[in-house]
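For reference, the structure discussed in these notes is given below.
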Amino acid sequence: MPELPEVETVRRGLLPAMEGAKIVKANVRRPDLRWPFPERMAERLTGQEVTTLRRRSKYILADLSGGETLILHLGMSGRILISGDPLGQFHHTHPAPEKHDHVVLDMSNGARITFNDARRFGAMDLGPTATIESHKMLATLGPEPLGNAFNEAYLIAALKGRMTPIKAALLDQRIVAGLGNIYVCEALYRAGISPKRKAGRISAPRIARLVPVIRDVLTEAIDAGGSSLRDYRQADGELGYFQHTFRVYDREGGACRTEGCPNVIHRIVQSGRSSFYCPTCQR
Ligand SMILES: [Zn+2]
């Protein structure tokens, strides 16, 4: 499941191919992904210039010159390929369409953007740019973890009185948008907070420590994605997933990486998902 850094990496990879370019042809090859596509999607996309390509949480938003915004969610298995050679940046000829290539956009700069989604948990929709923040997929999202609205005072207030484990609270998209299992595990480890600790019982100074730590884990992953992007361009034109090394995530039984800590990384299941942590370092 792509998390915020992976989606941001995809957005950055798409920028040179999409922003400022016109969609000369939209080929919509099936009626739906997770939900039906909006009515006449191909027609509504064709001829539109992408004025801005931005991100909200795990959604990519393409603002179109006609006043609508295309919302794209990659879901579990969504992949994006860029082919063509606009601006000499992409060295991939257009591949023959594959079975799960559901939407293909031909851009005025020669780029072809292919959305492939074998499991179809992804989603696309169109809505008026002016009110897109109130779209059903975006309306309940909390602040962006890398934005100014996500700060120490906000998080302390948002967690006050909550008796859910901190792990679940940070996964709650209404509290902070875009965090998933991997980066919550990493942030709690760096902040020295047990994933089992009740959110409302953590002292204000310890909650405050979480804010810069969350920003750091995300920023480092986005930077790693930037390097992988350069490799992907040279490889096969696919944007998105990159191998990244984690301190606790998926390291059950591995030595804790805190200097002097004799413990190993433990795994517990919380709300049906694995939490990885060090019981010595995280209280
Ligand atoms: Zn430890």
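Lettering and numbering for the structure tokens are positional, with chains as A, B, ... in the shown order, residues counted from 1 in each chain, and ligands counted from 1 in the shown order.
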- Message: Neighbouring residues of ligand 1 are defined here as those with any atom at most 10 Å from a ligand atom, counting only C-alpha atoms and all ligand atoms; list them as a count of residues only.
- Response: 21
- Task: Write out as a ChimeraX atom specification which residues come within 7 Å of range 174-187 of chain A when counting only C-alpha atoms, dropping same-chain ones fewer than 5 positions away.
- Result: /A:3-4,57-58,140-145,158,167,210,213-214,217,247-249,275-277
- Message: Here is a test: counting only C-alpha atoms, which residue of A:Thr219, A:Ser194, A:Gln48, A:Thr69 is nearest to Thr9 in chain A?
- Response: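 Result for the nearest residue to Thr9 in chain A: A:Thr219.
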- Message: Residues of range 79-282 of chain A classed as helix (DSSP H, G or I) by DSSP on the backbone are to be reported as a PyMOL selection string.
- Response: chain A and resi 86-88+129-134+152-159+166-171+181-191+199-201+204-234
- Message: Env of Glu39 in chain A: 12 Å cut, atoms = only C-alpha atoms, seq-sep filter 4 positions within chain, self excluded. Answer as a list in words.
- Response: Val28, Pro31, Asp32, Trp35, Glu43, Arg44, Leu45, Met124, Asp125, Leu126 and Gly127 of chain A
- From the set A:Asn116, A:Thr164, A:Ser271, A:Asn109, which residue has the shortest atom-to-atom contact distance to His73 in chain A, counting only C-alpha atoms? A:Asn116
- Message: Can you tell me which residues surround Asn151 in chain A at a distance of at most 8 Å, considering only C-alpha atoms, apart from same-chain residues fewer than 4 positions away, and format the answer as number ranges by chain?
- Response: A: 155, 208, 211
- Mind checking DSSP for range 65-241 of chain A and telling me the strand (DSSP E or B) residues as a ChimeraX atom specification? /A:68-73,78-84,92,101-107,112-117,123-128,165,198,238-239
Filtering to N, CA, C and O atoms, could you give me those residues as a compact mmCIF listing (two decimals), in the first residue's frame?
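Output below, filename result00.txt:
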```txt
# COMPACT_ATOMS: atom_id res chain seq x y z
N GLU A 68 -12.17 21.90 -13.60
CA GLU A 68 -12.36 20.67 -12.83
C GLU A 68 -11.00 20.16 -12.35
O GLU A 68 -9.96 20.54 -12.88
N THR A 69 -11.04 19.29 -11.35
CA THR A 69 -9.83 18.66 -10.84
C THR A 69 -9.99 17.15 -10.93
O THR A 69 -11.03 16.61 -10.56
N LEU A 70 -8.96 16.49 -11.45
CA LEU A 70 -8.93 15.03 -11.49
C LEU A 70 -8.30 14.53 -10.19
O LEU A 70 -7.19 14.94 -9.85
N ILE A 71 -9.02 13.68 -9.47
CA ILE A 71 -8.50 13.07 -8.25
C ILE A 71 -8.04 11.66 -8.59
O ILE A 71 -8.79 10.92 -9.23
N LEU A 72 -6.84 11.32 -8.17
CA LEU A 72 -6.32 9.99 -8.45
C LEU A 72 -5.82 9.36 -7.16
O LEU A 72 -5.06 9.98 -6.41
N HIS A 73 -6.29 8.14 -6.89
CA HIS A 73 -5.81 7.40 -5.74
C HIS A 73 -5.27 6.07 -6.24
O HIS A 73 -5.94 5.37 -6.99
N GLY A 78 -2.04 0.19 -7.61
CA GLY A 78 -1.98 1.10 -8.75
C GLY A 78 -0.55 1.43 -9.14
O GLY A 78 0.30 1.64 -8.28
N ARG A 79 -0.27 1.42 -10.45
CA ARG A 79 1.07 1.75 -10.94
C ARG A 79 0.92 2.76 -12.05
O ARG A 79 -0.06 2.76 -12.79
N ILE A 80 1.92 3.62 -12.18
CA ILE A 80 1.89 4.61 -13.24
C ILE A 80 3.16 4.48 -14.06
O ILE A 80 4.26 4.41 -13.51
N LEU A 81 2.99 4.43 -15.38
CA LEU A 81 4.13 4.37 -16.28
C LEU A 81 4.14 5.60 -17.17
O LEU A 81 3.08 6.04 -17.63
N ILE A 82 5.32 6.14 -17.39
CA ILE A 82 5.46 7.24 -18.35
C ILE A 82 6.28 6.73 -19.51
O ILE A 82 7.35 6.13 -19.32
N SER A 83 5.76 6.94 -20.71
CA SER A 83 6.54 6.61 -21.90
C SER A 83 6.54 7.83 -22.81
O SER A 83 5.88 8.83 -22.53
N GLY A 84 7.29 7.74 -23.91
CA GLY A 84 7.45 8.91 -24.76
C GLY A 84 8.69 9.67 -24.34
O GLY A 84 9.36 9.30 -23.40
N HIS A 92 11.61 6.06 -23.05
CA HIS A 92 10.87 4.81 -23.21
C HIS A 92 9.85 4.97 -24.32
O HIS A 92 9.05 5.89 -24.28
N ASP A 101 -3.97 -2.04 -17.97
CA ASP A 101 -3.81 -0.62 -18.27
C ASP A 101 -5.20 -0.02 -18.45
O ASP A 101 -5.82 -0.17 -19.50
N HIS A 102 -5.72 0.62 -17.42
CA HIS A 102 -7.13 1.03 -17.45
C HIS A 102 -7.36 2.42 -18.02
O HIS A 102 -8.38 2.68 -18.63
N VAL A 103 -6.43 3.34 -17.78
CA VAL A 103 -6.58 4.70 -18.30
C VAL A 103 -5.24 5.12 -18.90
O VAL A 103 -4.19 4.94 -18.27
N VAL A 104 -5.29 5.65 -20.12
CA VAL A 104 -4.07 6.08 -20.81
C VAL A 104 -4.27 7.53 -21.25
O VAL A 104 -5.25 7.85 -21.92
N LEU A 105 -3.36 8.40 -20.83
CA LEU A 105 -3.45 9.82 -21.22
C LEU A 105 -2.28 10.16 -22.13
O LEU A 105 -1.12 9.98 -21.77
N ASP A 106 -2.61 10.67 -23.34
CA ASP A 106 -1.57 11.16 -24.24
C ASP A 106 -1.48 12.66 -24.08
O ASP A 106 -2.47 13.37 -24.24
N MET A 107 -0.27 13.13 -23.74
CA MET A 107 -0.08 14.54 -23.44
C MET A 107 0.48 15.28 -24.65
O MET A 107 1.14 14.68 -25.52
N ARG A 112 3.18 9.78 -22.67
CA ARG A 112 1.99 8.95 -22.47
C ARG A 112 2.01 8.47 -21.02
O ARG A 112 3.02 7.92 -20.55
N ILE A 113 0.91 8.68 -20.32
CA ILE A 113 0.81 8.29 -18.91
C ILE A 113 -0.19 7.14 -18.82
O ILE A 113 -1.33 7.27 -19.25
N THR A 114 0.28 6.01 -18.31
CA THR A 114 -0.55 4.81 -18.24
C THR A 114 -0.81 4.45 -16.79
O THR A 114 0.13 4.30 -16.00
N PHE A 115 -2.10 4.33 -16.44
CA PHE A 115 -2.50 3.90 -15.10
C PHE A 115 -2.86 2.43 -15.17
O PHE A 115 -3.80 2.05 -15.84
N ASN A 116 -2.08 1.61 -14.46
CA ASN A 116 -2.28 0.17 -14.46
C ASN A 116 -2.66 -0.23 -13.04
O ASN A 116 -2.03 0.22 -12.08
N ASP A 117 -3.68 -1.04 -12.89
CA ASP A 117 -4.11 -1.41 -11.54
C ASP A 117 -4.73 -2.80 -11.58
O ASP A 117 -5.91 -2.98 -11.86
N ALA A 123 -8.74 4.60 -7.43
CA ALA A 123 -9.96 5.36 -7.73
C ALA A 123 -9.59 6.61 -8.51
O ALA A 123 -8.49 7.15 -8.37
N MET A 124 -10.52 7.04 -9.36
CA MET A 124 -10.39 8.32 -10.05
C MET A 124 -11.73 9.00 -10.04
O MET A 124 -12.77 8.36 -10.18
N ASP A 125 -11.70 10.32 -9.86
CA ASP A 125 -12.95 11.07 -9.95
C ASP A 125 -12.64 12.48 -10.42
O ASP A 125 -11.48 12.91 -10.41
N LEU A 126 -13.68 13.17 -10.87
CA LEU A 126 -13.56 14.55 -11.32
C LEU A 126 -14.56 15.39 -10.52
O LEU A 126 -15.66 14.93 -10.23
N GLY A 127 -14.14 16.60 -10.16
CA GLY A 127 -15.05 17.49 -9.45
C GLY A 127 -14.59 18.92 -9.66
O GLY A 127 -13.47 19.16 -10.11
N PRO A 128 -15.45 19.88 -9.30
CA PRO A 128 -15.07 21.29 -9.47
C PRO A 128 -13.87 21.63 -8.59
O PRO A 128 -13.86 21.31 -7.40
N PRO A 165 -5.05 3.41 21.51
CA PRO A 165 -3.58 3.39 21.47
C PRO A 165 -3.07 4.46 20.49
O PRO A 165 -3.72 4.74 19.49
N LYS A 198 -1.80 4.61 25.56
CA LYS A 198 -3.04 5.32 25.23
C LYS A 198 -2.71 6.77 24.88
O LYS A 198 -1.99 7.44 25.60
N GLU A 238 8.51 3.29 -14.88
CA GLU A 238 7.49 3.15 -13.86
C GLU A 238 7.83 4.02 -12.65
O GLU A 238 8.97 4.06 -12.21
N LEU A 239 6.81 4.69 -12.13
CA LEU A 239 7.01 5.56 -10.99
C LEU A 239 6.53 4.89 -9.73
O LEU A 239 5.56 4.15 -9.76
```
